[in-house]
There are 2 protein chains.
Amino acid sequence: MSSDEVFEAISHPLRIDILKTLSKKPLGFADLKRELRITSSGLIDFHLKKMAPIVERDSDGLYTLNQAGFAALYAVNVVSRKGWQRRALFSNIGVYVVMNVYMWFAIPEFFLLVLIPTTAWILFYAYWSIVKRRVHLTGRENKDAETGDESQNE
Amino acid sequence: MSSDEVFEAISHPLRIDILKTLSKKPLGFADLKRELRITSSGLIDFHLKKMAPIVERDSDGLYTLNQAGFAALYAVNVVSRKGWQRRALFSNIGVYVVMNVYMWFAIPEFFLLVLIPTTAWILFYAYWSIVKRRVHLTGRENKDAETGDESQNE
DNA sequence: AAGCGTGGTCAAGGAATGTTGACTTGCTGG
DNA sequence: CCAGCAAGTCAACATTCCTTGACCACGCTT
């Protein structure tokens with residue numbers, strides 16, 4: 001399974017629609033047509049065959065995403081906006097602050113015992129996120145990203 | 001900037017090579033040809049034009065990735081293997097264990113004051129990772145992933 | 001001045017993609 | 001038994017993709 005096969009499988013607007021639709025629940029052929037408001041059977045057939053690397057049939061014969069399919073869905077969300085990485089960093093910082101404030105009021109004499117390791121962790125995590133994963137803190141690079149698509153997979 | 005444009009820009013093996021090469025450093029036309037061991041100028045020209053949504057020229061006229069380009073690179077790594085998500089979860093669990101063992105030996109009488117909030121956090125993080133982000137703990141789904149490609153962007 | 005490297009553009013042609021619409025097969029209710 | 005729906009398959013055709021190879025303009029060097 002090489003990367004370009006997976007991206008080929010989602011490099012068409014209709015195929016991204018199919019990906020998102022199947023990520024909600026497995027569907028049969030006619031249900032998929034109805035859901036996407038498409039009349040041509042051949043069209044669905046063609047694109048489903050193109051998506052072979054990421055779509056399988058389940059035990060009921062319904063079309064469903066395989067692991068690579070969910071990775072692809074995930075990739076679509078990554079490209080749409082890298083928001084959750086930023087949220088993960090912020091939630092880590094939030095936990096760090098709450099934890100240390102909590103310790104300060106609960107047992108101030110041992111405050112440093114918590115502050116030092118948590119600070120080390122948060123510095124490492126911020127370095128990893130910002131430098132290695134190129135997470136931008138402002139989110140301005142996502143200004144023109146797609147909207148109205150709060151996927152459950154993020 | 002829609003998702004399928006970005007995926008179209010990386011749905012060919014050579015374009016993924018270009019993406020990875022330009023992620024290391026911006027390059028000129030001839031340098032890019034040399035780096036990829038390609039003799040045909042037209043071929044590079046064709047694929048660079050295909051990659052227009054994710055490739056720009058910098059102030060020196062060199063080809064370089066824009067934000068969408070780095071998101072695409074990131075997506076390539078996501079599809080190749082979702083490993084870092086698992087490592088992030090494991091590193092959080094590691095910090096949780098070390099932190100609590102440390103507290104147990106440092107100030108056992110206040111052990112619970114740390115155990116309770118950190119446990120709440122780790123349970124939330126595990127739920128979020130496993131259920132919402134479909135991270136698999138075993139890593140077996142990556143057995144046939146691409147190898148020999150330790151990107152700096154992971 | 002002739003040759004070479006850089007940084008491309010462009011046309012041609014075969015291969016692959018995208019779409020339509022006709023056709024098939026199997027099942028089910030009336 | 002036959003109409004109608006589900007679940008596709010397939011041929012045909014226009015369009016797009018991919019690759020090759022020829023060509024061009026500019027600057028530098030010998």
# chains A, B, ... in the order shown; residues from 1 in each chain; ligands from 1
call {"tool": "closest_atom_pairs", "arguments": {"of": "chain C", "to": "chain B", "cutoff": "8 Å", "atoms": "only C-alpha atoms (C1' of nucleotides)", "output": "tab-separated table"}}
result
residue	atom	partner	partner_atom	distance
C:DT6	C1'	B:Ala30	CA	6.7
C:DG7	C1'	B:Phe29	CA	6.2
C:DG8	C1'	B:Ser41	CA	7.7
call {"tool": "write_last_selection", "arguments": {"atoms": "C-alpha atoms (C1' of nucleotides)", "output": "short mmCIF file (atom, residue, chain, number, x, y, z; two decimals), in the first residue's frame"}}
result
data_model
loop_
_atom_site.label_atom_id
_atom_site.label_comp_id
_atom_site.auth_asym_id
_atom_site.auth_seq_id
_atom_site.Cartn_x
_atom_site.Cartn_y
_atom_site.Cartn_z
"C1'" DT C 6 20.45 27.14 -15.91
"C1'" DG C 7 15.71 27.42 -16.27
"C1'" DG C 8 12.51 26.67 -18.49
#
call {"tool": "select_by_dssp", "arguments": {"residues": "range 43-94 of chain B", "states": "strand (DSSP E)", "output": "ChimeraX atom specification"}}
result
/B:55-57,63-65
call {"tool": "select_by_dssp", "arguments": {"residues": "chain A", "states": "alpha helix (DSSP H)", "output": "NGL selection string"}}
result
:A and (3-8 or 13-24 or 29-36 or 41-50 or 67-80 or 83-106 or 111-127)
call {"tool": "residues_around", "arguments": {"residues": "range 16-18 of chain C", "least_positions_apart": "5", "cutoff": "8 Å", "atoms": "only C-alpha atoms (C1' of nucleotides)", "output": "list in words"}}
result
DT15, DT16 and DC17 of chain D
call {"tool": "write_last_selection", "arguments": {"atoms": "N, CA and C atoms (P, O5', C5', C4', C3', O3' and C1' of nucleotides)", "output": "PDB file, in the first residue's frame"}}
result
ATOM      1  P    DT D  15     -14.612  17.199 -25.005  1.00  0.00           P
ATOM      2  O5'  DT D  15     -13.645  16.918 -23.777  1.00  0.00           O
ATOM      3  C5'  DT D  15     -14.192  16.554 -22.509  1.00  0.00           C
ATOM      4  C4'  DT D  15     -13.077  16.084 -21.618  1.00  0.00           C
ATOM      5  C3'  DT D  15     -11.866  17.014 -21.554  1.00  0.00           C
ATOM      6  O3'  DT D  15     -11.820  17.502 -20.225  1.00  0.00           O
ATOM      7  C1'  DT D  15     -11.237  14.722 -21.670  1.00  0.00           C
ATOM      8  P    DT D  16     -10.729  18.634 -19.785  1.00  0.00           P
ATOM      9  O5'  DT D  16      -9.591  17.725 -19.104  1.00  0.00           O
ATOM     10  C5'  DT D  16      -9.942  16.797 -18.092  1.00  0.00           C
ATOM     11  C4'  DT D  16      -8.775  15.881 -17.822  1.00  0.00           C
ATOM     12  C3'  DT D  16      -7.452  16.607 -17.573  1.00  0.00           C
ATOM     13  O3'  DT D  16      -7.039  16.257 -16.270  1.00  0.00           O
ATOM     14  C1'  DT D  16      -7.175  14.747 -19.034  1.00  0.00           C
ATOM     15  P    DC D  17      -5.617  16.652 -15.629  1.00  0.00           P
ATOM     16  O5'  DC D  17      -4.733  15.372 -15.990  1.00  0.00           O
ATOM     17  C5'  DC D  17      -5.203  14.098 -15.596  1.00  0.00           C
ATOM     18  C4'  DC D  17      -4.147  13.044 -15.864  1.00  0.00           C
ATOM     19  C3'  DC D  17      -2.735  13.388 -15.419  1.00  0.00           C
ATOM     20  O3'  DC D  17      -2.210  12.235 -14.783  1.00  0.00           O
ATOM     21  C1'  DC D  17      -2.739  12.832 -17.714  1.00  0.00           C
TER      22       DC D  17
END
call {"tool": "residues_around", "arguments": {"residues": "range 32-37 of chain A", "least_positions_apart": "6", "cutoff": "8 Å", "atoms": "only C-alpha atoms (C1' of nucleotides)", "output": "list in words"}}
result
Asp17, Ile18, Thr21 and Ile44 of chain A
call {"tool": "closest_residue", "arguments": {"among": "A:Ala106, A:Val98, A:Leu137, A:Ala71", "to": "Ser3 in chain A", "atoms": "only C-alpha atoms"}}
result
A:Ala71
call {"tool": "interface_residues", "arguments": {"of": "chain B", "to": "chain D", "cutoff": "9 Å", "atoms": "only C-alpha atoms (C1' of nucleotides)", "output": "CSV table (one decimal) with C-alpha atoms, in the first residue's frame"}}
result
chain,number,residue,atom,x,y,z
B,40,SER,CA,13.7,15.3,-18.8
B,42,GLY,CA,9.4,18.7,-19.5
B,43,LEU,CA,8.7,16.0,-16.9
B,46,PHE,CA,4.7,19.1,-15.9
call {"tool": "atom_distance", "arguments": {"atom1": "CA of Phe90 in chain B", "atom2": "CA of Thr119 in chain A"}}
result
18.7 Å
